[in-house]
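**Q** Just work02.pdb, nothing more (PDB, C-alpha atoms and all ligand atoms):
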ATOM      1  CA  MET A   1     -19.015 -10.306   5.922
ATOM      2  CA  GLN A   2     -16.223 -12.798   6.635
ATOM      3  CA  LYS A   3     -13.556 -10.669   4.888
ATOM      4  CA  LEU A   4     -14.787  -7.492   6.562
ATOM      5  CA  LYS A   5     -14.602  -9.247   9.932
ATOM      6  CA  GLU A   6     -11.034 -10.307   9.183
ATOM      7  CA  THR A   7     -10.047  -6.713   8.412
ATOM      8  CA  ALA A   8     -11.767  -5.552  11.609
ATOM      9  CA  GLU A   9      -9.834  -8.141  13.600
ATOM     10  CA  LYS A  10      -6.544  -7.058  12.022
ATOM     11  CA  ILE A  11      -7.289  -3.459  13.002
ATOM     12  CA  ARG A  12      -8.257  -4.456  16.547
ATOM     13  CA  THR A  13      -5.116  -6.547  17.075
ATOM     14  CA  MET A  14      -2.964  -3.894  15.374
ATOM     15  CA  GLU A  15      -1.739  -6.186  12.611
ATOM     16  CA  LEU A  16      -3.045  -3.258  10.563
ATOM     17  CA  ARG A  17      -2.140  -0.051  12.357
ATOM     18  CA  GLY A  18      -1.474   3.666  11.963
ATOM     19  CA  ALA A  19      -4.408   6.022  11.489
ATOM     20  CA  GLY A  20      -3.963   6.399   7.726
ATOM     21  CA  ARG A  21      -3.570   2.676   7.072
ATOM     22  CA  ILE A  22      -6.605   1.690   9.113
ATOM     23  CA  ALA A  23      -8.714   4.278   7.295
ATOM     24  CA  LYS A  24      -7.690   2.856   3.924
ATOM     25  CA  ALA A  25      -8.184  -0.741   5.083
ATOM     26  CA  ALA A  26     -11.692   0.127   6.323
ATOM     27  CA  ALA A  27     -12.535   1.832   3.002
ATOM     28  CA  GLU A  28     -11.398  -1.267   1.115
ATOM     29  CA  ALA A  29     -13.314  -3.573   3.453
ATOM     30  CA  ILE A  30     -16.594  -1.660   3.026
ATOM     31  CA  ARG A  31     -16.070  -1.448  -0.743
ATOM     32  CA  ASP A  32     -15.540  -5.215  -1.084
ATOM     33  CA  TYR A  33     -18.385  -5.969   1.296
ATOM     34  CA  ALA A  34     -20.776  -3.767  -0.684
ATOM     35  CA  ALA A  35     -19.607  -5.315  -3.959
ATOM     36  CA  GLY A  36     -20.531  -8.826  -2.821
ATOM     37  CA  LEU A  37     -23.623  -7.972  -0.797
ATOM     38  CA  GLU A  38     -26.604 -10.127  -1.776
ATOM     39  CA  VAL A  39     -29.835  -8.486  -0.635
ATOM     40  CA  VAL A  40     -33.391  -8.333  -1.874
ATOM     41  CA  SER A  41     -34.395  -4.839  -0.800
ATOM     42  CA  MET A  42     -32.874  -1.393  -0.434
ATOM     43  CA  GLU A  43     -33.858  -1.443   3.211
ATOM     44  CA  GLU A  44     -31.801  -4.574   3.746
ATOM     45  CA  PHE A  45     -28.878  -3.025   1.845
ATOM     46  CA  ASN A  46     -28.981   0.067   4.085
ATOM     47  CA  THR A  47     -29.124  -2.018   7.263
ATOM     48  CA  CYS A  48     -26.202  -4.233   6.195
ATOM     49  CA  ILE A  49     -24.029  -1.234   5.285
ATOM     50  CA  ARG A  50     -24.929   0.517   8.542
ATOM     51  CA  GLU A  51     -24.060  -2.549  10.619
ATOM     52  CA  ALA A  52     -20.805  -3.182   8.761
ATOM     53  CA  SER A  53     -19.826   0.471   9.255
ATOM     54  CA  SER A  54     -20.469   0.406  13.001
ATOM     55  CA  PHE A  55     -18.589  -2.856  13.294
ATOM     56  CA  LEU A  56     -15.481  -1.418  11.625
ATOM     57  CA  ILE A  57     -15.669   1.871  13.528
ATOM     58  CA  SER A  58     -15.873   0.027  16.863
ATOM     59  CA  THR A  59     -12.472  -1.642  16.373
ATOM     60  CA  ARG A  60     -10.358   1.296  17.604
ATOM     61  CA  PRO A  61     -11.950   4.346  19.177
ATOM     62  CA  THR A  62      -9.284   7.067  18.890
ATOM     63  CA  ALA A  63      -8.191   7.457  15.259
ATOM     64  CA  VAL A  64     -10.841   9.733  13.732
ATOM     65  CA  SER A  65      -9.575   8.764  10.291
ATOM     66  CA  LEU A  66     -11.514   5.522  10.719
ATOM     67  CA  PRO A  67     -15.054   6.976  11.129
ATOM     68  CA  ASN A  68     -14.210   9.755   8.664
ATOM     69  CA  ALA A  69     -13.258   7.177   6.005
ATOM     70  CA  VAL A  70     -16.211   4.883   6.687
ATOM     71  CA  LYS A  71     -18.729   7.748   6.661
ATOM     72  CA  LEU A  72     -17.303   9.198   3.462
ATOM     73  CA  VAL A  73     -17.311   5.853   1.669
ATOM     74  CA  THR A  74     -20.861   4.954   2.730
ATOM     75  CA  LYS A  75     -22.322   8.240   1.579
ATOM     76  CA  TYR A  76     -24.701   7.212  -1.204
ATOM     77  CA  SER A  77     -27.802   8.958  -2.368
ATOM     78  CA  SER A  78     -29.416   6.421  -4.691
ATOM     79  CA  GLY A  79     -32.413   4.379  -3.616
ATOM     80  CA  ASN A  80     -31.459   1.665  -6.071
ATOM     81  CA  ILE A  81     -29.243  -1.195  -4.842
ATOM     82  CA  GLU A  82     -26.978  -1.405  -7.884
ATOM     83  CA  GLU A  83     -26.555   2.365  -8.069
ATOM     84  CA  ALA A  84     -25.828   2.642  -4.340
ATOM     85  CA  ARG A  85     -23.304  -0.169  -4.651
ATOM     86  CA  LYS A  86     -21.579   1.718  -7.465
ATOM     87  CA  GLU A  87     -21.524   4.913  -5.405
ATOM     88  CA  ILE A  88     -19.805   3.100  -2.519
ATOM     89  CA  LEU A  89     -17.240   1.577  -4.871
ATOM     90  CA  GLY A  90     -16.505   4.972  -6.399
ATOM     91  CA  ASN A  91     -16.275   6.684  -3.005
ATOM     92  CA  ALA A  92     -13.895   4.052  -1.646
ATOM     93  CA  ASN A  93     -11.583   4.121  -4.647
ATOM     94  CA  LEU A  94     -11.502   7.911  -4.579
ATOM     95  CA  PHE A  95     -10.746   7.941  -0.831
ATOM     96  CA  ILE A  96      -7.890   5.439  -1.220
ATOM     97  CA  GLU A  97      -6.414   7.328  -4.173
ATOM     98  CA  ARG A  98      -6.647  10.636  -2.308
ATOM     99  CA  ALA A  99      -5.122   9.146   0.837
ATOM    100  CA  ASP A 100      -2.101   7.941  -1.143
ATOM    101  CA  LYS A 101      -1.736  11.311  -2.869
ATOM    102  CA  ALA A 102      -2.095  13.103   0.484
ATOM    103  CA  LEU A 103       0.906  11.237   1.872
ATOM    104  CA  GLU A 104       2.965  12.276  -1.148
ATOM    105  CA  LYS A 105       1.862  15.910  -0.867
ATOM    106  CA  ILE A 106       2.609  16.026   2.871
ATOM    107  CA  GLY A 107       6.047  14.618   2.094
ATOM    108  CA  LYS A 108       6.766  17.328  -0.475
ATOM    109  CA  ILE A 109       5.393  20.207   1.594
ATOM    110  CA  GLY A 110       6.998  19.153   4.875
ATOM    111  CA  ALA A 111      10.376  18.294   3.336
ATOM    112  CA  ARG A 112      10.858  21.958   2.382
ATOM    113  CA  ARG A 113      11.004  22.817   6.087
ATOM    114  CA  ILE A 114      13.901  20.434   6.746
ATOM    115  CA  LYS A 115      17.418  21.777   6.463
ATOM    116  CA  ASP A 116      20.529  19.966   5.372
ATOM    117  CA  GLY A 117      22.158  18.408   8.421
ATOM    118  CA  ASP A 118      19.007  18.373  10.563
ATOM    119  CA  ILE A 119      18.563  15.833  13.327
ATOM    120  CA  ILE A 120      14.894  14.896  13.595
ATOM    121  CA  MET A 121      13.211  13.174  16.498
ATOM    122  CA  THR A 122      10.098  11.094  15.819
ATOM    123  CA  HIS A 123       7.775   8.974  17.912
ATOM    124  CA  CYS A 124       5.901   5.766  17.114
ATOM    125  CA  ASN A 125       5.473   4.929  13.427
ATOM    126  CA  SER A 126       3.679   7.521  11.333
ATOM    127  CA  HIS A 127       3.584   7.113   7.567
ATOM    128  CA  ALA A 128       2.840  10.820   7.187
ATOM    129  CA  ALA A 129       5.841  11.832   9.309
ATOM    130  CA  LEU A 130       8.010   9.295   7.482
ATOM    131  CA  SER A 131       6.893  10.661   4.131
ATOM    132  CA  ILE A 132       8.351  14.060   5.105
ATOM    133  CA  ILE A 133      11.601  12.570   6.385
ATOM    134  CA  THR A 134      12.221  10.272   3.413
ATOM    135  CA  THR A 135      11.279  12.977   0.885
ATOM    136  CA  ALA A 136      13.768  15.392   2.460
ATOM    137  CA  PHE A 137      16.435  12.699   2.277
ATOM    138  CA  GLU A 138      15.628  11.880  -1.343
ATOM    139  CA  ASN A 139      15.830  15.603  -2.114
ATOM    140  CA  GLY A 140      19.483  15.376  -1.117
ATOM    141  CA  LYS A 141      19.338  16.603   2.482
ATOM    142  CA  SER A 142      21.754  14.857   4.767
ATOM    143  CA  ILE A 143      19.615  14.127   7.798
ATOM    144  CA  SER A 144      19.453  11.657  10.657
ATOM    145  CA  VAL A 145      16.640  10.512  12.910
ATOM    146  CA  ILE A 146      16.290   9.763  16.597
ATOM    147  CA  ALA A 147      13.375   7.341  16.960
ATOM    148  CA  THR A 148      11.747   6.491  20.254
ATOM    149  CA  GLU A 149      11.073   2.866  21.038
ATOM    150  CA  SER A 150       7.356   3.651  21.646
ATOM    151  CA  ARG A 151       6.459   1.181  24.338
ATOM    152  CA  PRO A 152       4.601  -1.038  24.736
ATOM    153  CA  ARG A 153       4.142  -2.095  21.100
ATOM    154  CA  ARG A 154       7.558  -0.787  20.009
ATOM    155  CA  GLN A 155       6.410   0.778  16.741
ATOM    156  CA  GLY A 156       9.732   2.662  16.793
ATOM    157  CA  LEU A 157      11.324  -0.476  15.391
ATOM    158  CA  SER A 158       9.096  -0.277  12.297
ATOM    159  CA  THR A 159      10.206   3.328  11.889
ATOM    160  CA  ILE A 160      13.863   2.290  12.108
ATOM    161  CA  HIS A 161      13.344  -0.501   9.558
ATOM    162  CA  HIS A 162      11.604   1.848   7.151
ATOM    163  CA  LEU A 163      14.281   4.526   7.388
ATOM    164  CA  ASN A 164      17.049   1.980   7.148
ATOM    165  CA  LYS A 165      15.742   0.861   3.743
ATOM    166  CA  PHE A 166      16.348   4.416   2.513
ATOM    167  CA  GLY A 167      19.815   4.490   4.034
ATOM    168  CA  ILE A 168      18.841   7.170   6.563
ATOM    169  CA  PRO A 169      20.972   6.984   9.736
ATOM    170  CA  THR A 170      18.901   6.374  12.850
ATOM    171  CA  THR A 171      19.351   6.198  16.601
ATOM    172  CA  LEU A 172      16.919   4.196  18.706
ATOM    173  CA  ILE A 173      16.191   5.487  22.216
ATOM    174  CA  VAL A 174      13.846   4.458  25.021
ATOM    175  CA  ASP A 175      10.861   6.753  25.531
ATOM    176  CA  SER A 176      12.216   8.070  28.817
ATOM    177  CA  ALA A 177      15.368   9.390  27.054
ATOM    178  CA  VAL A 178      13.406  11.969  25.055
ATOM    179  CA  ARG A 179      14.301  14.977  27.217
ATOM    180  CA  TYR A 180      17.910  13.864  27.584
ATOM    181  CA  TYR A 181      18.404  13.909  23.804
ATOM    182  CA  MET A 182      16.262  16.954  23.020
ATOM    183  CA  LYS A 183      19.307  19.263  23.071
ATOM    184  CA  ASP A 184      20.761  17.346  20.080
ATOM    185  CA  VAL A 185      17.627  17.661  17.972
ATOM    186  CA  ASP A 186      16.654  20.323  15.398
ATOM    187  CA  MET A 187      13.024  19.399  15.046
ATOM    188  CA  ILE A 188      10.381  16.885  16.039
ATOM    189  CA  ILE A 189       8.021  15.341  13.495
ATOM    190  CA  VAL A 190       5.099  13.170  14.590
ATOM    191  CA  GLY A 191       1.886  11.927  13.022
ATOM    192  CA  ALA A 192      -1.712  12.249  14.208
ATOM    193  CA  ASP A 193      -4.581   9.967  15.097
ATOM    194  CA  ALA A 194      -6.900  12.907  15.476
ATOM    195  CA  ILE A 195      -6.817  16.700  15.587
ATOM    196  CA  SER A 196      -9.640  18.533  17.279
ATOM    197  CA  THR A 197     -11.190  21.807  16.222
ATOM    198  CA  ASN A 198      -9.082  23.699  18.789
ATOM    199  CA  GLY A 199      -5.861  22.242  17.358
ATOM    200  CA  THR A 200      -5.249  19.662  20.072
ATOM    201  CA  LEU A 201      -3.296  16.711  18.733
ATOM    202  CA  VAL A 202      -4.121  13.142  19.677
ATOM    203  CA  ASN A 203      -1.267  10.772  18.927
ATOM    204  CA  LYS A 204       0.672   7.837  20.382
ATOM    205  CA  ILE A 205       1.082   7.896  24.153
ATOM    206  CA  GLY A 206       4.206   9.882  24.964
ATOM    207  CA  THR A 207       3.782  12.422  22.141
ATOM    208  CA  SER A 208       2.890  15.129  24.660
ATOM    209  CA  GLN A 209       6.121  14.574  26.568
ATOM    210  CA  LEU A 210       8.090  15.090  23.335
ATOM    211  CA  ALA A 211       6.122  18.301  22.827
ATOM    212  CA  LEU A 212       6.820  19.535  26.344
ATOM    213  CA  ALA A 213      10.524  18.774  26.102
ATOM    214  CA  ALA A 214      10.670  20.411  22.659
ATOM    215  CA  HIS A 215       8.911  23.506  24.008
ATOM    216  CA  GLU A 216      11.354  23.762  26.885
ATOM    217  CA  ALA A 217      14.340  23.412  24.530
ATOM    218  CA  ARG A 218      12.763  25.732  21.905
ATOM    219  CA  LYS A 219      12.814  23.107  19.175
ATOM    220  CA  THR A 220      10.306  23.039  16.295
ATOM    221  CA  PHE A 221       7.402  20.653  16.824
ATOM    222  CA  MET A 222       5.803  19.603  13.530
ATOM    223  CA  VAL A 223       2.745  17.397  13.051
ATOM    224  CA  ALA A 224       2.082  15.551   9.783
ATOM    225  CA  ALA A 225      -1.624  14.926   9.200
ATOM    226  CA  GLU A 226      -3.918  14.306   6.245
ATOM    227  CA  THR A 227      -7.094  16.409   6.288
ATOM    228  CA  PHE A 228      -9.102  13.293   7.141
ATOM    229  CA  LYS A 229      -7.352  13.147  10.529
ATOM    230  CA  PHE A 230      -9.289  16.230  11.714
ATOM    231  CA  SER A 231     -12.323  15.572  13.866
ATOM    232  CA  PRO A 232     -15.564  17.310  12.774
ATOM    233  CA  SER A 233     -17.589  16.320  15.831
ATOM    234  CA  THR A 234     -15.199  18.138  18.196
ATOM    235  CA  ILE A 235     -16.863  21.316  16.892
ATOM    236  CA  VAL A 236     -19.937  20.415  18.917
ATOM    237  CA  GLY A 237     -17.890  19.459  21.949
ATOM    238  CA  ASP A 238     -17.502  15.716  21.411
ATOM    239  CA  LEU A 239     -14.441  14.464  23.251
ATOM    240  CA  ILE A 240     -11.937  12.197  21.543
ATOM    241  CA  GLU A 241     -11.803   8.895  23.367
ATOM    242  CA  ILE A 242      -8.401   7.578  24.371
ATOM    243  CA  GLU A 243      -8.130   3.871  23.707
ATOM    244  CA  GLU A 244      -7.162   1.840  26.766
ATOM    245  CA  ARG A 245      -5.535  -1.404  25.629
ATOM    246  CA  SER A 246      -4.900  -4.635  27.491
ATOM    247  CA  SER A 247      -2.316  -4.598  30.281
ATOM    248  CA  ASP A 248      -0.945  -7.817  28.762
ATOM    249  CA  GLU A 249       0.782  -5.595  26.186
ATOM    250  CA  ILE A 250       2.871  -4.124  29.005
ATOM    251  CA  ILE A 251       3.650  -7.084  31.211
ATOM    252  CA  ASP A 252       3.159 -10.847  31.156
ATOM    253  CA  PRO A 253       0.136 -11.484  33.422
ATOM    254  CA  LEU A 254       1.935 -14.459  34.997
ATOM    255  CA  LEU A 255       4.640 -12.160  36.355
ATOM    256  CA  ILE A 256       2.115 -10.097  38.278
ATOM    257  CA  ALA A 257      -0.402 -12.810  39.119
ATOM    258  CA  ASP A 258       0.288 -12.604  42.884
ATOM    259  CA  LEU A 259       0.254  -8.773  43.092
ATOM    260  CA  SER A 260      -3.312  -8.305  44.192
ATOM    261  CA  HIS A 261      -2.861  -4.558  44.903
ATOM    262  CA  LEU A 262      -1.544  -3.724  41.435
ATOM    263  CA  GLN A 263      -3.362  -2.286  38.477
ATOM    264  CA  VAL A 264      -1.600  -1.793  35.145
ATOM    265  CA  LYS A 265      -2.814   0.978  32.812
ATOM    266  CA  ASN A 266      -2.171   1.057  29.077
ATOM    267  CA  PRO A 267      -3.563   4.178  27.371
ATOM    268  CA  ALA A 268      -2.570   4.051  23.701
ATOM    269  CA  PHE A 269      -2.694   7.800  22.999
ATOM    270  CA  ASP A 270      -2.409  11.193  24.673
ATOM    271  CA  PHE A 271      -3.337  14.835  24.081
ATOM    272  CA  THR A 272      -0.883  17.529  23.023
ATOM    273  CA  PRO A 273      -2.339  21.040  23.381
ATOM    274  CA  ALA A 274      -2.146  23.348  20.362
ATOM    275  CA  ARG A 275       0.202  25.746  22.160
ATOM    276  CA  TYR A 276       3.032  23.185  21.919
ATOM    277  CA  ILE A 277       2.584  22.672  18.188
ATOM    278  CA  ASP A 278       4.400  24.954  15.747
ATOM    279  CA  MET A 279       2.770  23.702  12.563
ATOM    280  CA  ILE A 280       0.598  21.008  11.066
ATOM    281  CA  VAL A 281       1.652  19.843   7.619
ATOM    282  CA  THR A 282      -1.465  18.742   5.756
ATOM    283  CA  ASP A 283      -2.013  17.727   2.150
ATOM    284  CA  VAL A 284      -3.462  21.187   1.491
ATOM    285  CA  GLY A 285      -0.562  23.091   3.000
ATOM    286  CA  ILE A 286       0.964  24.024   6.321
ATOM    287  CA  ILE A 287      -1.367  25.435   8.937
ATOM    288  CA  SER A 288      -1.117  26.696  12.460
ATOM    289  CA  PRO A 289      -3.093  24.467  14.871
ATOM    290  CA  ALA A 290      -5.183  27.564  15.636
ATOM    291  CA  ILE A 291      -6.982  27.210  12.310
ATOM    292  CA  ALA A 292      -7.865  23.519  12.515
ATOM    293  CA  TYR A 293     -11.516  24.563  12.245
ATOM    294  CA  VAL A 294     -10.920  25.903   8.743
ATOM    295  CA  ILE A 295      -9.646  22.498   7.591
ATOM    296  CA  ILE A 296     -12.740  20.835   9.023
ATOM    297  CA  LYS A 297     -15.024  23.406   7.435
ATOM    298  CA  GLU A 298     -13.385  23.230   4.026
ATOM    299  CA  HIS A 299     -12.483  19.554   3.771
ATOM    300  CA  LEU A 300     -14.889  17.648   5.973
ATOM    301  CA  SER A 301     -17.993  19.699   5.326
ATOM    302  CA  TRP A 302     -19.855  16.601   4.119
ATOM    303  CA  GLU A 303     -19.954  15.508   7.740
ATOM    304  CA  LEU A 304     -20.708  18.852   9.294
ATOM    305  CA  GLY A 305     -24.234  18.726   8.012
ATOM    306  CA  GLU A 306     -24.878  15.645  10.113
ATOM    307  CA  ILE A 307     -23.632  16.773  13.494
TER     308      ILE A 307
HETATM  309  C1  LIG A 401      -0.014   4.963  15.572
HETATM  310  C2  LIG A 401       0.245   6.416  15.804
HETATM  311  C3  LIG A 401       0.653   7.221  14.595
HETATM  312  C4  LIG A 401      -0.605   7.824  13.960
HETATM  313  C5  LIG A 401      -0.312   8.433  12.606
HETATM  314  O1  LIG A 401      -0.622   4.340  16.669
HETATM  315  O2  LIG A 401       0.069   6.948  16.863
HETATM  316  O3  LIG A 401       1.493   8.268  14.959
HETATM  317  O4  LIG A 401      -1.587   6.808  13.785
HETATM  318  O5  LIG A 401       0.137   7.433  11.741
HETATM  319  P1  LIG A 401      -0.957   2.771  16.586
HETATM  320  P2  LIG A 401      -0.003   7.593  10.158
HETATM  321  O6  LIG A 401       0.329   2.060  16.306
HETATM  322  O7  LIG A 401      -1.532   2.452  17.919
HETATM  323  O8  LIG A 401      -1.960   2.578  15.465
HETATM  324  O9  LIG A 401       0.715   8.851   9.804
HETATM  325  O10 LIG A 401       0.654   6.347   9.611
HETATM  326  O11 LIG A 401      -1.461   7.642   9.830
END
As structure tokens, what does this structure read like?
**A**
Amino acid sequence: MQKLKETAEKIRTMELRGAGRIAKAAAEAIRDYAAGLEVVSMEEFNTCIREASSFLISTRPTAVSLPNAVKLVTKYSSGNIEEARKEILGNANLFIERADKALEKIGKIGARRIKDGDIIMTHCNSHAALSIITTAFENGKSISVIATESRPRRQGLSTIHHLNKFGIPTTLIVDSAVRYYMKDVDMIIVGADAISTNGTLVNKIGTSQLALAAHEARKTFMVAAETFKFSPSTIVGDLIEIEERSSDEIIDPLLIADLSHLQVKNPAFDFTPARYIDMIVTDVGIISPAIAYVIIKEHLSWELGEI
């Protein structure tokens, strides 16, 4: 349990971050936990796996990739401890392999939509969005990227570092400069923490202002998302929770200690309605947000039975 707790802590503190990465880290954590689990009965095995799953899922509430991964990995049918253990190991390895392949596929599919000379704006640090951008560049397209700083955790800097390694020219801007620079941009590419059945995107706070500005300027707004970023339980009306993080991430508490009338809010994500999204690039092809339900039905059906 110690190693699983360490992974959970890394997810909570964002040492491990990004919806895809946390899903893979959780799959690995459950796999390794199950592999070393010493129990005497199947009942005990079930309880331990259930508790470990809830513990991991509770670390960050918004990215649906996390519960999707944990539920998929812990789907075992055997009533025998060793067999169930093997099933979990197999599920986890398959999930991790598929997640890696999905990023590659998204890169290939999305890169086709990028034209030589395009200027792309991105927000935060999405491995799926970056896969599209770097694949287009490696395919010989001369592109450049405007990356937002993404306050308060400044994930935009990770994006800049990543792109710089490829030799892709970048421009770093503050989040409030998004509309000012929109006229210079050909398209916007962002990732996803969750996509609901009605095609609403949940992604890093500020994504919806990129979408609004892009809509106003008639620029293409593309979302890059693996199928495991779609939320099955939104079909029955469950709402996606927006994580509210500590105000300490925004401002040093000492600087505001005497401001008794102040409250500081730090929502980590926001909602972008489907009508502002031109396309979602998934590992099974490009879809319109209007058919998000089909992705859930076809690729997350294992969970539909349980909601
Ligand atoms: C990260 C974020 C990313 C999505 C998709 O937020 O909003 O755009 O998670 O990322 P945080 P990826 O930094 O708070 O985790 O494509 O890598 O899964």
**Q** Once you count all atoms listed in the file, which residues end up within 9 Å of ligand LIG 401 (chain A), and could you hand them over as an MDAnalysis selection string?
**A** chainID A and resid 11 14 16:23 60 63 65 103 123:131 150 153:155 190:194 202:205 207 224:226 229 243 268:269
**Q** Keeping only C-alpha atoms, take the residues you just selected and write them out as a PDB file, in the coordinates of the input.
**A**
ATOM      1  CA  ILE A  11      -7.289  -3.459  13.002  1.00  0.00           C
ATOM      2  CA  MET A  14      -2.964  -3.894  15.374  1.00  0.00           C
ATOM      3  CA  LEU A  16      -3.045  -3.258  10.563  1.00  0.00           C
ATOM      4  CA  ARG A  17      -2.140  -0.051  12.357  1.00  0.00           C
ATOM      5  CA  GLY A  18      -1.474   3.666  11.963  1.00  0.00           C
ATOM      6  CA  ALA A  19      -4.408   6.022  11.489  1.00  0.00           C
ATOM      7  CA  GLY A  20      -3.963   6.399   7.726  1.00  0.00           C
ATOM      8  CA  ARG A  21      -3.570   2.676   7.072  1.00  0.00           C
ATOM      9  CA  ILE A  22      -6.605   1.690   9.113  1.00  0.00           C
ATOM     10  CA  ALA A  23      -8.714   4.278   7.295  1.00  0.00           C
ATOM     11  CA  ARG A  60     -10.358   1.296  17.604  1.00  0.00           C
ATOM     12  CA  ALA A  63      -8.191   7.457  15.259  1.00  0.00           C
ATOM     13  CA  SER A  65      -9.575   8.764  10.291  1.00  0.00           C
ATOM     14  CA  LEU A 103       0.906  11.237   1.872  1.00  0.00           C
ATOM     15  CA  HIS A 123       7.775   8.974  17.912  1.00  0.00           C
ATOM     16  CA  CYS A 124       5.901   5.766  17.114  1.00  0.00           C
ATOM     17  CA  ASN A 125       5.473   4.929  13.427  1.00  0.00           C
ATOM     18  CA  SER A 126       3.679   7.521  11.333  1.00  0.00           C
ATOM     19  CA  HIS A 127       3.584   7.113   7.567  1.00  0.00           C
ATOM     20  CA  ALA A 128       2.840  10.820   7.187  1.00  0.00           C
ATOM     21  CA  ALA A 129       5.841  11.832   9.309  1.00  0.00           C
ATOM     22  CA  LEU A 130       8.010   9.295   7.482  1.00  0.00           C
ATOM     23  CA  SER A 131       6.893  10.661   4.131  1.00  0.00           C
ATOM     24  CA  SER A 150       7.356   3.651  21.646  1.00  0.00           C
ATOM     25  CA  ARG A 153       4.142  -2.095  21.100  1.00  0.00           C
ATOM     26  CA  ARG A 154       7.558  -0.787  20.009  1.00  0.00           C
ATOM     27  CA  GLN A 155       6.410   0.778  16.741  1.00  0.00           C
ATOM     28  CA  VAL A 190       5.099  13.170  14.590  1.00  0.00           C
ATOM     29  CA  GLY A 191       1.886  11.927  13.022  1.00  0.00           C
ATOM     30  CA  ALA A 192      -1.712  12.249  14.208  1.00  0.00           C
ATOM     31  CA  ASP A 193      -4.581   9.967  15.097  1.00  0.00           C
ATOM     32  CA  ALA A 194      -6.900  12.907  15.476  1.00  0.00           C
ATOM     33  CA  VAL A 202      -4.121  13.142  19.677  1.00  0.00           C
ATOM     34  CA  ASN A 203      -1.267  10.772  18.927  1.00  0.00           C
ATOM     35  CA  LYS A 204       0.672   7.837  20.382  1.00  0.00           C
ATOM     36  CA  ILE A 205       1.082   7.896  24.153  1.00  0.00           C
ATOM     37  CA  THR A 207       3.782  12.422  22.141  1.00  0.00           C
ATOM     38  CA  ALA A 224       2.082  15.551   9.783  1.00  0.00           C
ATOM     39  CA  ALA A 225      -1.624  14.926   9.200  1.00  0.00           C
ATOM     40  CA  GLU A 226      -3.918  14.306   6.245  1.00  0.00           C
ATOM     41  CA  LYS A 229      -7.352  13.147  10.529  1.00  0.00           C
ATOM     42  CA  GLU A 243      -8.130   3.871  23.707  1.00  0.00           C
ATOM     43  CA  ALA A 268      -2.570   4.051  23.701  1.00  0.00           C
ATOM     44  CA  PHE A 269      -2.694   7.800  22.999  1.00  0.00           C
TER      45      PHE A 269
END
**Q** Given the choices A:Ser208, A:Ser41, A:Ile189, A:Ser158, which gets closest to Asp175 (chain A) if the distance is worked out from all atoms listed in the file?
**A**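 Result for the nearest residue to Asp175 (chain A): A:Ser208.
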**Q** Pull out every residue that the PyMOL selection byres (((chain A and resi 79) around 10) and not hetatm) matches in the shown coordinates and put them as a ChimeraX atom specification.
**A** /A:41-43,45-46,76-78,80-84
**Q** Can you tell me how far CA of Val236 (chain A) sits from CA of Thr197 (chain A), in Å to one decimal?
**A**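 CA of Thr197 (chain A) lies at a distance of 9.3 Å from CA of Val236 (chain A).
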**Q** Hey, which of A:Leu212, A:Ala52, A:Ile235, A:Ile251 ends up closest to Val264 (chain A)? Count only C-alpha atoms.
**A**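 The shortest atom-to-atom distance to Val264 (chain A) comes from A:Ile251.
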**Q** I want to know what sits within 7 Å of Pro273 (chain A), based on all atoms listed in the file, with residues of the same chain fewer than 3 positions away left out; could you give that as a list in words?
**A**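 Everything that qualifies: Thr200, Leu201 and Tyr276 of chain A.
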**Q** Find the residues around Ser144 (chain A) up to 12 Å (all atoms listed in the file counted), leave out those fewer than 3 positions away in its own chain, and share them as a VMD selection string.
**A** chain A and resid 114 to 122 133 to 134 136 to 137 141 147 160 163 to 164 166 to 172 184 to 188
**Q** Run the PyMOL selection byres (((chain A and resi 234) around 10) and not hetatm) mentally over the shown coordinates, then write out the matched residues as a list of chain:residue names, using the chain letters and numbers from the document.
**A**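 Selection result, ordered by chain and number: A:Ile195, A:Ser196, A:Thr197, A:Asn198, A:Phe230, A:Ser231, A:Pro232, A:Ser233, A:Ile235, A:Val236, A:Gly237, A:Asp238, A:Leu239, A:Ile240, A:Tyr293, A:Ile296, A:Ile307.
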**Q** How big is the axis-aligned box, and where does its centre sit, when it encloses all atoms of region 205-210 of chain A listed in the file and has 5 Å added on every side, reported in Å to one decimal as JSON?
**A**
{"center_x": 4.6, "center_y": 11.5, "center_z": 24.4, "size_x": 17.0, "size_y": 17.2, "size_z": 14.4}
**Q** I'd like to see the residues matched by the PyMOL selection byres (((chain A and resi 281-286) around 9) and not hetatm) on this file, and ideally I'd get them as a VMD selection string.
**A** chain A and resid 101 to 107 109 to 110 222 to 227 279 to 280 287 to 288 295
**Q** Quote the spacing between CA of Glu44 (chain A) and CA of Val70 (chain A) in Å to one decimal place.
**A**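 Straight-line distance from CA of Glu44 (chain A) to CA of Val70 (chain A) works out to 18.5 Å.
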**Q** Need the shell around Gln209 (chain A): protein/DNA/RNA residues with any atom at most 9 Å away, counting all atoms listed in the file. Skip same-chain ones fewer than 5 positions apart. Format as a PyMOL selection string?
**A** chain A and resi 178-179+214+272
**Q** For Ser301 (chain A), which of A:Arg218, A:Ile242, A:Asn139, A:Asn68 is the closest residue, counting all atoms listed in the file?
**A**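 So, comparing all the options, the nearest one is A:Asn68.
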**Q** Record the distance separating CA of Asn266 (chain A) and CA of Ile250 (chain A), expressed in Å with one decimal.
**A**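 CA of Ile250 (chain A) lies at a distance of 7.2 Å from CA of Asn266 (chain A).
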